[in-house]
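Source file: run-v8.cif (mmCIF, C-alpha atoms and all ligand atoms)
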data_upload
#
loop_
_atom_site.group_PDB
_atom_site.id
_atom_site.type_symbol
_atom_site.label_atom_id
_atom_site.label_comp_id
_atom_site.auth_asym_id
_atom_site.auth_seq_id
_atom_site.Cartn_x
_atom_site.Cartn_y
_atom_site.Cartn_z
ATOM 1 C CA MET W 151 123.048 13.836 94.704
ATOM 2 C CA THR W 152 124.487 14.286 91.203
ATOM 3 C CA PRO W 153 122.629 12.109 88.708
ATOM 4 C CA ALA W 154 124.969 9.529 87.215
ATOM 5 C CA ILE W 155 122.627 7.609 84.915
ATOM 6 C CA SER W 156 120.600 9.170 82.135
ATOM 7 C CA LEU W 157 117.168 7.936 81.141
ATOM 8 C CA GLU W 158 117.197 9.850 77.868
ATOM 9 C CA GLY W 159 119.956 8.094 75.906
ATOM 10 C CA ARG W 160 118.397 4.678 75.437
ATOM 11 C CA ALA W 161 114.821 5.864 75.356
ATOM 12 C CA ALA W 162 114.166 5.810 71.601
ATOM 13 C CA ALA W 163 115.115 2.138 71.197
ATOM 14 C CA ALA W 164 113.124 1.283 74.316
ATOM 15 C CA TYR W 165 109.830 2.032 72.534
ATOM 16 C CA ASP W 166 110.330 -1.130 70.510
ATOM 17 C CA ALA W 167 110.403 -3.126 73.738
ATOM 18 C CA ALA W 168 107.484 -1.207 75.254
ATOM 19 C CA ALA W 169 105.298 -1.538 72.154
ATOM 20 C CA ALA W 170 103.548 -4.826 72.981
ATOM 21 C CA THR W 171 102.192 -3.548 76.315
ATOM 22 C CA PHE W 172 101.751 0.137 75.479
ATOM 23 C CA ASP W 173 98.018 0.005 74.742
ATOM 24 C CA ARG W 174 97.200 -2.347 77.618
ATOM 25 C CA HIS W 175 98.430 0.138 80.223
ATOM 26 C CA ARG W 176 97.838 3.450 78.456
ATOM 27 C CA ALA W 177 94.561 3.020 76.614
ATOM 28 C CA LEU W 178 92.347 6.080 76.476
ATOM 29 C CA PRO W 179 88.636 5.659 77.231
ATOM 30 C CA GLU W 180 86.718 4.666 74.124
ATOM 31 C CA PRO W 181 85.261 8.080 73.096
ATOM 32 C CA VAL W 182 88.496 10.019 73.668
ATOM 33 C CA PRO W 183 90.368 9.308 70.396
ATOM 34 C CA ALA W 184 87.228 10.252 68.406
ATOM 35 C CA ALA W 185 86.893 13.457 70.451
ATOM 36 C CA ILE W 186 90.544 14.296 69.731
ATOM 37 C CA ARG W 187 89.907 13.670 66.027
ATOM 38 C CA ALA W 188 86.870 15.985 66.091
ATOM 39 C CA ALA W 189 88.890 18.738 67.793
ATOM 40 C CA VAL W 190 91.741 18.359 65.276
ATOM 41 C CA LEU W 191 89.378 18.537 62.282
ATOM 42 C CA ALA W 192 87.642 21.575 63.790
ATOM 43 C CA ALA W 193 91.020 23.321 64.067
ATOM 44 C CA VAL W 194 91.939 22.815 60.413
ATOM 45 C CA ALA W 195 90.392 24.995 57.739
ATOM 46 C CA ALA W 196 90.720 22.520 54.823
ATOM 47 C CA PRO W 197 87.618 20.374 54.060
ATOM 48 C CA SER W 198 89.540 17.067 53.668
ATOM 49 C CA PRO W 199 92.766 17.888 55.465
ATOM 50 C CA ARG W 200 95.978 16.016 54.881
ATOM 51 C CA LEU W 201 97.039 14.901 58.354
ATOM 52 C CA LEU W 202 100.450 13.820 59.645
ATOM 53 C CA ASP W 203 100.649 12.091 63.033
ATOM 54 C CA LEU W 204 104.321 12.490 64.021
ATOM 55 C CA GLY W 205 105.182 9.916 66.697
ATOM 56 C CA ALA W 206 101.983 7.991 65.960
ATOM 57 C CA GLY W 207 103.057 5.043 68.100
ATOM 58 C CA THR W 208 100.608 2.157 68.286
ATOM 59 C CA GLY W 209 97.762 4.261 66.886
ATOM 60 C CA ARG W 210 96.145 4.760 70.278
ATOM 61 C CA VAL W 211 94.826 8.101 68.936
ATOM 62 C CA GLY W 212 95.541 7.659 65.222
ATOM 63 C CA HIS W 213 93.183 4.704 64.822
ATOM 64 C CA ALA W 214 90.202 7.095 65.054
ATOM 65 C CA PHE W 215 91.427 8.903 61.909
ATOM 66 C CA VAL W 216 92.109 5.628 60.090
ATOM 67 C CA ALA W 217 88.691 4.190 60.974
ATOM 68 C CA ALA W 218 86.996 7.347 59.679
ATOM 69 C CA GLY W 219 88.876 7.146 56.352
ATOM 70 C CA ASP W 220 90.718 10.438 56.815
ATOM 71 C CA ASP W 221 93.683 11.468 54.672
ATOM 72 C CA TYR W 222 96.042 10.402 57.457
ATOM 73 C CA VAL W 223 99.693 9.284 57.631
ATOM 74 C CA GLY W 224 101.339 8.003 60.808
ATOM 75 C CA VAL W 225 105.106 8.257 61.237
ATOM 76 C CA ASP W 226 107.204 6.867 64.052
ATOM 77 C CA LEU W 227 110.844 6.117 64.814
ATOM 78 C CA SER W 228 109.944 2.805 66.433
ATOM 79 C CA LEU W 229 109.135 -0.099 64.143
ATOM 80 C CA GLY W 230 107.782 -2.020 67.148
ATOM 81 C CA MET W 231 105.194 0.674 67.844
ATOM 82 C CA LEU W 232 104.215 0.849 64.155
ATOM 83 C CA ARG W 233 103.789 -2.932 63.987
ATOM 84 C CA GLU W 234 101.216 -2.686 66.792
ATOM 85 C CA PHE W 235 99.454 0.073 64.859
ATOM 86 C CA ALA W 236 99.459 -1.988 61.652
ATOM 87 C CA VAL W 237 97.611 -4.927 63.225
ATOM 88 C CA ARG W 238 94.725 -2.838 64.573
ATOM 89 C CA PRO W 239 91.349 -3.839 63.172
ATOM 90 C CA ASP W 240 90.379 -0.285 62.129
ATOM 91 C CA GLY W 241 91.587 -0.576 58.562
ATOM 92 C CA ARG W 242 94.895 -0.261 56.763
ATOM 93 C CA ALA W 243 96.796 2.683 58.184
ATOM 94 C CA PRO W 244 99.309 4.447 55.919
ATOM 95 C CA LEU W 245 102.404 4.265 58.132
ATOM 96 C CA ALA W 246 106.072 5.082 57.675
ATOM 97 C CA GLN W 247 109.073 4.518 59.864
ATOM 98 C CA ALA W 248 110.958 7.798 59.962
ATOM 99 C CA ASP W 249 112.758 10.121 62.320
ATOM 100 C CA GLY W 250 110.788 13.291 62.937
ATOM 101 C CA GLU W 251 114.074 15.127 62.555
ATOM 102 C CA ARG W 252 114.199 14.112 58.861
ATOM 103 C CA LEU W 253 110.713 13.646 57.484
ATOM 104 C CA PRO W 254 110.403 11.950 54.081
ATOM 105 C CA PHE W 255 107.775 14.388 52.802
ATOM 106 C CA ALA W 256 107.756 17.408 50.504
ATOM 107 C CA ASP W 257 107.437 20.960 51.799
ATOM 108 C CA ALA W 258 103.841 21.997 52.609
ATOM 109 C CA ALA W 259 102.546 18.422 52.157
ATOM 110 C CA PHE W 260 100.111 18.552 55.115
ATOM 111 C CA ASP W 261 97.324 20.711 56.503
ATOM 112 C CA ALA W 262 97.956 19.560 60.068
ATOM 113 C CA VAL W 263 100.861 17.954 61.903
ATOM 114 C CA MET W 264 100.004 16.321 65.217
ATOM 115 C CA LEU W 265 102.506 15.651 67.984
ATOM 116 C CA ILE W 266 100.515 13.713 70.539
ATOM 117 C CA GLN W 267 102.288 12.833 73.768
ATOM 118 C CA VAL W 268 105.706 12.676 72.106
ATOM 119 C CA PHE W 269 107.809 15.114 74.097
ATOM 120 C CA GLY W 270 108.578 12.812 77.039
ATOM 121 C CA GLY W 271 111.602 11.207 75.408
ATOM 122 C CA LEU W 272 112.118 13.462 72.421
ATOM 123 C CA ARG W 273 115.757 14.347 71.835
ATOM 124 C CA GLY W 274 115.936 16.945 69.074
ATOM 125 C CA TRP W 275 112.718 18.845 69.558
ATOM 126 C CA ARG W 276 113.942 21.890 67.627
ATOM 127 C CA ARG W 277 114.769 19.813 64.568
ATOM 128 C CA VAL W 278 111.463 17.932 64.886
ATOM 129 C CA LEU W 279 109.501 21.175 65.066
ATOM 130 C CA GLY W 280 111.532 22.608 62.194
ATOM 131 C CA GLU W 281 110.589 19.604 60.082
ATOM 132 C CA ALA W 282 106.963 19.754 61.231
ATOM 133 C CA ARG W 283 106.787 23.352 60.062
ATOM 134 C CA ARG W 284 108.488 22.566 56.769
ATOM 135 C CA VAL W 285 105.918 19.925 55.816
ATOM 136 C CA LEU W 286 103.014 22.101 56.969
ATOM 137 C CA GLY W 287 101.134 24.185 54.387
ATOM 138 C CA PRO W 288 100.936 27.966 54.931
ATOM 139 C CA SER W 289 97.499 27.855 56.579
ATOM 140 C CA GLY W 290 98.149 24.595 58.378
ATOM 141 C CA ALA W 291 98.017 23.786 62.083
ATOM 142 C CA LEU W 292 100.702 22.276 64.274
ATOM 143 C CA ILE W 293 98.942 20.476 67.116
ATOM 144 C CA LEU W 294 100.488 19.365 70.401
ATOM 145 C CA GLY W 295 98.381 16.960 72.447
ATOM 146 C CA ARG W 296 98.681 15.513 75.929
ATOM 147 C CA ALA W 297 96.702 13.971 78.752
ATOM 148 C CA ILE W 298 96.405 16.133 81.870
ATOM 149 C CA VAL W 299 96.149 14.582 85.331
ATOM 150 C CA PRO W 300 95.255 16.564 88.474
ATOM 151 C CA ALA W 301 98.294 18.085 90.225
ATOM 152 C CA GLY W 302 97.528 16.605 93.653
ATOM 153 C CA GLY W 303 96.141 13.309 92.333
ATOM 154 C CA LEU W 304 97.447 9.814 92.962
ATOM 155 C CA ASP W 305 99.360 9.545 89.681
ATOM 156 C CA ALA W 306 100.970 12.947 90.160
ATOM 157 C CA ARG W 307 102.042 12.118 93.728
ATOM 158 C CA LEU W 308 103.465 8.755 92.681
ATOM 159 C CA ARG W 309 105.319 10.379 89.820
ATOM 160 C CA GLU W 310 106.839 12.982 92.132
ATOM 161 C CA ARG W 311 107.827 10.332 94.664
ATOM 162 C CA LEU W 312 109.403 8.161 91.984
ATOM 163 C CA ALA W 313 111.413 11.137 90.729
ATOM 164 C CA LEU W 314 112.770 11.637 94.256
ATOM 165 C CA ILE W 315 113.608 7.945 94.623
ATOM 166 C CA LEU W 316 115.382 7.882 91.252
ATOM 167 C CA ASP W 317 117.311 11.011 92.167
ATOM 168 C CA GLU W 318 118.464 9.280 95.372
ATOM 169 C CA LEU W 319 119.530 6.305 93.259
ATOM 170 C CA GLY W 320 121.586 8.568 90.989
ATOM 171 C CA VAL W 321 119.268 8.645 87.987
ATOM 172 C CA ALA W 322 118.765 11.884 86.053
ATOM 173 C CA PRO W 323 115.185 13.212 86.316
ATOM 174 C CA HIS W 324 112.990 10.999 84.183
ATOM 175 C CA THR W 325 110.273 13.648 84.187
ATOM 176 C CA LYS W 326 112.434 15.863 81.945
ATOM 177 C CA ASN W 327 109.972 16.761 79.281
ATOM 178 C CA THR W 328 110.805 19.039 76.374
ATOM 179 C CA ARG W 329 107.151 19.985 75.772
ATOM 180 C CA GLU W 330 107.317 23.257 77.713
ATOM 181 C CA ASP W 331 110.443 24.392 75.842
ATOM 182 C CA ALA W 332 108.779 23.446 72.554
ATOM 183 C CA GLN W 333 105.545 25.208 73.457
ATOM 184 C CA GLN W 334 107.376 28.382 74.413
ATOM 185 C CA TRP W 335 109.330 28.375 71.170
ATOM 186 C CA LEU W 336 106.200 27.756 69.123
ATOM 187 C CA ALA W 337 104.432 30.612 70.893
ATOM 188 C CA THR W 338 107.149 32.976 69.623
ATOM 189 C CA GLN W 339 106.725 31.685 66.057
ATOM 190 C CA ALA W 340 102.974 31.318 65.744
ATOM 191 C CA SER W 341 100.531 33.988 64.674
ATOM 192 C CA ARG W 342 97.780 32.195 66.611
ATOM 193 C CA SER W 343 97.749 29.736 69.486
ATOM 194 C CA THR W 344 94.602 28.095 70.829
ATOM 195 C CA ARG W 345 94.123 25.678 73.705
ATOM 196 C CA VAL W 346 91.320 23.151 73.381
ATOM 197 C CA VAL W 347 90.197 20.561 75.918
ATOM 198 C CA ALA W 348 89.144 17.753 73.601
ATOM 199 C CA ALA W 349 87.833 15.365 76.275
ATOM 200 C CA THR W 350 87.483 14.914 80.028
ATOM 201 C CA TRP W 351 86.810 11.692 81.882
ATOM 202 C CA THR W 352 86.949 10.078 85.305
ATOM 203 C CA ALA W 353 89.814 7.642 85.722
ATOM 204 C CA GLU W 354 90.230 5.152 88.529
ATOM 205 C CA ARG W 355 93.827 4.998 89.705
ATOM 206 C CA THR W 356 95.720 2.762 92.125
ATOM 207 C CA ALA W 357 99.363 2.656 93.130
ATOM 208 C CA ARG W 358 99.555 -0.944 91.908
ATOM 209 C CA ALA W 359 98.389 0.019 88.406
ATOM 210 C CA PHE W 360 100.866 2.928 88.355
ATOM 211 C CA ILE W 361 103.729 0.605 89.273
ATOM 212 C CA VAL W 362 102.745 -2.044 86.723
ATOM 213 C CA ARG W 363 102.353 0.630 84.031
ATOM 214 C CA HIS W 364 105.612 2.350 84.906
ATOM 215 C CA ARG W 365 107.542 -0.898 84.743
ATOM 216 C CA THR W 366 106.654 -1.057 81.029
ATOM 217 C CA GLY W 367 107.412 2.602 80.282
ATOM 218 C CA ALA W 368 109.886 3.131 77.446
ATOM 219 C CA ARG W 369 112.351 5.292 79.358
ATOM 220 C CA PHE W 370 112.000 3.596 82.729
ATOM 221 C CA SER W 371 112.456 0.105 81.306
ATOM 222 C CA ALA W 372 115.701 1.254 79.681
ATOM 223 C CA LEU W 373 117.260 1.625 83.154
ATOM 224 C CA PRO W 374 119.417 -1.139 84.650
ATOM 225 C CA GLN W 375 117.238 -3.915 86.111
ATOM 226 C CA GLU W 376 118.516 -3.435 89.655
ATOM 227 C CA ILE W 377 117.666 0.283 89.595
ATOM 228 C CA GLN W 378 114.168 -0.447 88.280
ATOM 229 C CA GLY W 379 113.572 -3.091 90.953
ATOM 230 C CA GLU W 380 114.879 -0.971 93.819
ATOM 231 C CA ALA W 381 112.974 2.148 92.717
ATOM 232 C CA LEU W 382 109.654 0.330 92.398
ATOM 233 C CA ARG W 383 110.181 -1.529 95.690
ATOM 234 C CA GLN W 384 110.724 1.783 97.482
ATOM 235 C CA LEU W 385 107.722 3.292 95.692
ATOM 236 C CA ALA W 386 105.521 0.358 96.727
ATOM 237 C CA ASP W 387 106.639 0.696 100.373
ATOM 238 C CA TRP W 388 105.913 4.427 100.290
ATOM 239 C CA SER W 389 102.493 3.821 98.685
ATOM 240 C CA VAL W 390 101.446 1.344 101.362
ATOM 241 C CA ALA W 391 102.630 3.723 104.110
ATOM 242 C CA THR W 392 100.881 6.693 102.470
ATOM 243 C CA PHE W 393 97.645 5.260 101.039
ATOM 244 C CA GLY W 394 97.222 2.188 103.272
ATOM 245 C CA SER W 395 97.340 -0.292 100.391
ATOM 246 C CA LEU W 396 98.602 -0.649 96.832
ATOM 247 C CA ASP W 397 94.978 -1.145 95.806
ATOM 248 C CA ALA W 398 93.425 1.886 97.486
ATOM 249 C CA GLY W 399 91.504 3.412 94.569
ATOM 250 C CA ALA W 400 91.225 7.091 93.710
ATOM 251 C CA HIS W 401 88.857 8.607 91.162
ATOM 252 C CA GLU W 402 90.459 11.452 89.266
ATOM 253 C CA GLN W 403 89.360 13.865 86.567
ATOM 254 C CA HIS W 404 91.629 13.472 83.555
ATOM 255 C CA SER W 405 91.480 15.484 80.369
ATOM 256 C CA PHE W 406 93.078 15.602 76.951
ATOM 257 C CA GLU W 407 94.374 18.973 75.863
ATOM 258 C CA LEU W 408 95.366 20.185 72.423
ATOM 259 C CA GLN W 409 97.500 23.253 71.844
ATOM 260 C CA ILE W 410 96.967 24.416 68.283
ATOM 261 C CA PHE W 411 99.527 26.679 66.605
ATOM 262 C CA GLN W 412 98.948 28.432 63.312
ATOM 263 C CA PHE W 413 101.511 30.413 61.365
ATOM 264 C CA ALA W 414 101.092 33.290 58.991
ATOM 265 C CA GLY W 415 104.707 33.448 57.809
ATOM 266 C CA ALA W 416 106.673 31.282 55.406
ATOM 267 C CA CYS W 417 109.496 28.805 56.114
ATOM 268 C CA SER W 418 112.795 30.185 54.827
ATOM 269 C CA GLY W 419 115.102 27.193 55.137
ATOM 270 C CA GLU W 420 117.766 29.189 57.010
ATOM 271 C CA SER W 421 119.748 27.771 59.918
ATOM 272 C CA LEU W 422 119.345 28.982 63.467
ATOM 273 C CA PRO W 423 122.402 29.823 65.561
ATOM 274 C CA PRO W 424 123.467 27.158 68.091
ATOM 275 C CA THR W 425 121.113 26.767 71.031
ATOM 276 C CA ARG W 426 122.272 27.217 74.608
ATOM 277 C CA SER W 427 122.120 23.687 75.989
ATOM 278 C CA GLY W 428 120.607 20.238 75.803
ATOM 279 C CA ALA W 429 120.516 17.571 73.124
ATOM 280 C CA ASP W 430 119.621 20.163 70.489
ATOM 281 C CA ALA W 431 122.661 22.347 71.065
ATOM 282 C CA GLY W 432 124.298 23.426 67.846
ATOM 283 C CA SER W 433 121.832 21.683 65.548
ATOM 284 C CA PRO W 434 120.783 23.488 62.401
ATOM 285 C CA MET W 435 117.089 23.708 61.580
ATOM 286 C CA ARG W 436 114.805 25.516 59.243
ATOM 287 C CA THR W 437 113.366 28.664 60.620
ATOM 288 C CA CYS W 438 110.063 30.155 59.651
ATOM 289 C CA THR W 439 109.351 33.843 59.727
ATOM 290 C CA PRO W 440 106.457 34.644 62.024
ATOM 291 C CA ASN W 441 103.946 37.218 60.905
ATOM 292 C CA LYS W 442 102.293 38.290 64.132
ATOM 293 C CA GLY W 443 98.983 40.024 64.411
ATOM 294 C CA LYS W 444 97.085 38.372 61.569
HETATM 295 C C1 LIG W 501 104.468 8.101 74.286
HETATM 296 S S1 LIG W 501 104.443 7.544 72.637
HETATM 297 C C2 LIG W 501 102.966 8.318 72.054
HETATM 298 C C3 LIG W 501 102.418 7.659 70.816
HETATM 299 C C4 LIG W 501 101.098 8.248 70.309
HETATM 300 N N1 LIG W 501 101.267 9.597 69.805
HETATM 301 C C5 LIG W 501 100.040 8.193 71.405
HETATM 302 O O1 LIG W 501 99.676 9.238 71.949
HETATM 303 O O2 LIG W 501 99.624 7.093 71.729
HETATM 304 C C6 LIG W 501 105.732 8.530 71.854
HETATM 305 C C7 LIG W 501 106.077 8.060 70.453
HETATM 306 O O3 LIG W 501 106.939 9.018 69.831
HETATM 307 C C8 LIG W 501 107.897 8.293 69.059
HETATM 308 N N2 LIG W 501 109.076 9.125 68.805
HETATM 309 C C9 LIG W 501 109.961 9.596 69.717
HETATM 310 N N3 LIG W 501 110.913 10.315 69.091
HETATM 311 C C10 LIG W 501 110.613 10.305 67.764
HETATM 312 C C11 LIG W 501 111.218 10.879 66.603
HETATM 313 N N4 LIG W 501 112.351 11.601 66.669
HETATM 314 N N5 LIG W 501 110.649 10.657 65.402
HETATM 315 C C12 LIG W 501 109.522 9.912 65.295
HETATM 316 N N6 LIG W 501 108.902 9.347 66.365
HETATM 317 C C13 LIG W 501 109.435 9.547 67.576
HETATM 318 C C14 LIG W 501 108.190 7.060 69.910
HETATM 319 O O4 LIG W 501 108.775 6.027 69.157
HETATM 320 C C15 LIG W 501 106.795 6.718 70.437
HETATM 321 O O5 LIG W 501 106.117 5.820 69.601
#
In structure tokens, what does this structure look like?
Amino acid sequence: MTPAISLEGRAAAAYDAAAATFDRHRALPEPVPAAIRAAVLAAVAAPSPRLLDLGAGTGRVGHAFVAAGDDYVGVDLSLGMLREFAVRPDGRAPLAQADGERLPFADAAFDAVMLIQVFGGLRGWRRVLGEARRVLGPSGALILGRAIVPAGGLDARLRERLALILDELGVAPHTKNTREDAQQWLATQASRSTRVVAATWTAERTARAFIVRHRTGARFSALPQEIQGEALRQLADWSVATFGSLDAGAHEQHSFELQIFQFAGACSGESLPPTRSGADAGSPMRTCTPNKGK
């Protein structure tokens, strides 16, 4: 069936609406943000690195840097998400509302730029990465982070099923994630790329928790109400038929992975030719000359 409704268009604004419940449903286990912080600091050569968290959200990860007194700035497009971050008890976080496609910082202002779990609804990933590289110092690190769930696990199966249901309902694939495209592009630009598993933990999952969490997701909740209701009703029916109950629990190994890119070349400020397709098509960006083999 040809998808008739896109989840991508209204996604950015939807983070404002999702902000109040984001942490409740997507909290990381207590030691994980500190483990991510330790892995980030280990990846950066500078002793007191200047850190930019691009798409910082509610500070789910960023609060570990703030609590430790790091030289940290969080930036996000969504004021709602930043408001949640600002009221955390970890200390005053330096935060700015800005679009990652136009960062309000000087060239080479940071030793590390983190993009943690931001690619799900990111429109102009090329421009965002161009800006991330511009504000990164010559020996800095660009760090992509994400949670990994097991391929055959409960969450993964529910996600796949929901994608099928949404396809049947005429909704464009909500699993469209620009991370792989971004990672591939970065791999062609970077002089060094390292993968680090910052933390692993056992998570208890149920279909009910997935459904409740998904209902509050930024992109999903931007869909028309009747589509949301019908999709989750079908998913609940399928879950009961497949797992026996919405509350049948599964223990899964989850992990948090960082992909760390370092660059030996300088940013030139030139424009790239138009890209082939997608939201980024035709957008100019800075390009940085890679210097492989260092
Ligand atoms: C899934 S949340 C992740 C937040 C945080 N990094 C974490 O892991 O908890 C994605 C965040 O990226 C932000 N975002 C999306 N596109 C953005 C852009 N172009 N510029 C800045 N922030 C953006 C959203 O507003 C949202 O807060």
Surrounding residues of Ser289 of chain W excluding itself and chain neighbours under 3 positions, 12 Å, all atoms listed in the file, as an mmCIF file with C-alpha atoms, in the coordinates of the input:
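Full text of result28.cif as output:
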data_model
loop_
_atom_site.group_PDB
_atom_site.id
_atom_site.type_symbol
_atom_site.label_atom_id
_atom_site.label_comp_id
_atom_site.auth_asym_id
_atom_site.auth_seq_id
_atom_site.Cartn_x
_atom_site.Cartn_y
_atom_site.Cartn_z
ATOM 1 C CA ALA W 193 91.020 23.321 64.067
ATOM 2 C CA VAL W 194 91.939 22.815 60.413
ATOM 3 C CA ALA W 195 90.392 24.995 57.739
ATOM 4 C CA ALA W 196 90.720 22.520 54.823
ATOM 5 C CA PRO W 199 92.766 17.888 55.465
ATOM 6 C CA ALA W 258 103.841 21.997 52.609
ATOM 7 C CA ALA W 259 102.546 18.422 52.157
ATOM 8 C CA PHE W 260 100.111 18.552 55.115
ATOM 9 C CA ASP W 261 97.324 20.711 56.503
ATOM 10 C CA ALA W 262 97.956 19.560 60.068
ATOM 11 C CA VAL W 263 100.861 17.954 61.903
ATOM 12 C CA ARG W 283 106.787 23.352 60.062
ATOM 13 C CA VAL W 285 105.918 19.925 55.816
ATOM 14 C CA LEU W 286 103.014 22.101 56.969
ATOM 15 C CA LEU W 292 100.702 22.276 64.274
ATOM 16 C CA ALA W 340 102.974 31.318 65.744
ATOM 17 C CA SER W 341 100.531 33.988 64.674
ATOM 18 C CA ARG W 342 97.780 32.195 66.611
ATOM 19 C CA PHE W 411 99.527 26.679 66.605
ATOM 20 C CA GLN W 412 98.948 28.432 63.312
ATOM 21 C CA PHE W 413 101.511 30.413 61.365
ATOM 22 C CA ALA W 414 101.092 33.290 58.991
ATOM 23 C CA GLY W 415 104.707 33.448 57.809
ATOM 24 C CA ALA W 416 106.673 31.282 55.406
ATOM 25 C CA LYS W 444 97.085 38.372 61.569
#
Exercise. Near segment 296-311 of chain W, within 6 Å and counting all atoms listed in the file, which residues show up once chain neighbours fewer than 5 positions away are dropped, as a count of residues only?
Worked result: 6
Exercise. Which one of W:Asp203, W:Asp166, W:Glu251, W:Asp257 sits closest to Leu229 of chain W if you count all atoms listed in the file?
Worked result: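 The answer is W:Asp166, which sits nearest to Leu229 of chain W.
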Exercise. Neighbours of ligand LIG 501 (chain W) within 6 Å, counting only C-alpha atoms and all ligand atoms, as a ChimeraX atom specification?
Worked result: /W:162,165,204-207,209-211,226-228,231,248-251,266-268,272
Problem set entry | Separation of atom CA of Ile361 of chain W from atom CA of Asp331 of chain W in Å | 28.1 Å
Problem set entry | Among listed residues W:Ala359, W:Ala218, W:Ile410, W:Val182, nearest Ala337 of chain W (using all atoms listed in the file) | W:Ile410
Problem set entry | Length of the atom CA of Ala217 of chain W to atom CA of Arg345 of chain W vector [Å] |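 Atom-to-atom, atom CA of Ala217 of chain W and atom CA of Arg345 of chain W are spaced 25.6 Å apart.
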For this session: I would like the residues chosen by the PyMOL selection byres (((chain W and resi 244) around 10) and not hetatm) on the shown file; could you give them as a list in words?
Result: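 On the file shown, the PyMOL selection byres (((chain W and resi 244) around 10) and not hetatm) covers Val216, Asp221, Tyr222, Val223, Gly224, Val225, Phe235, Ala236, Gly241, Arg242, Ala243, Leu245 and Ala246 of chain W.
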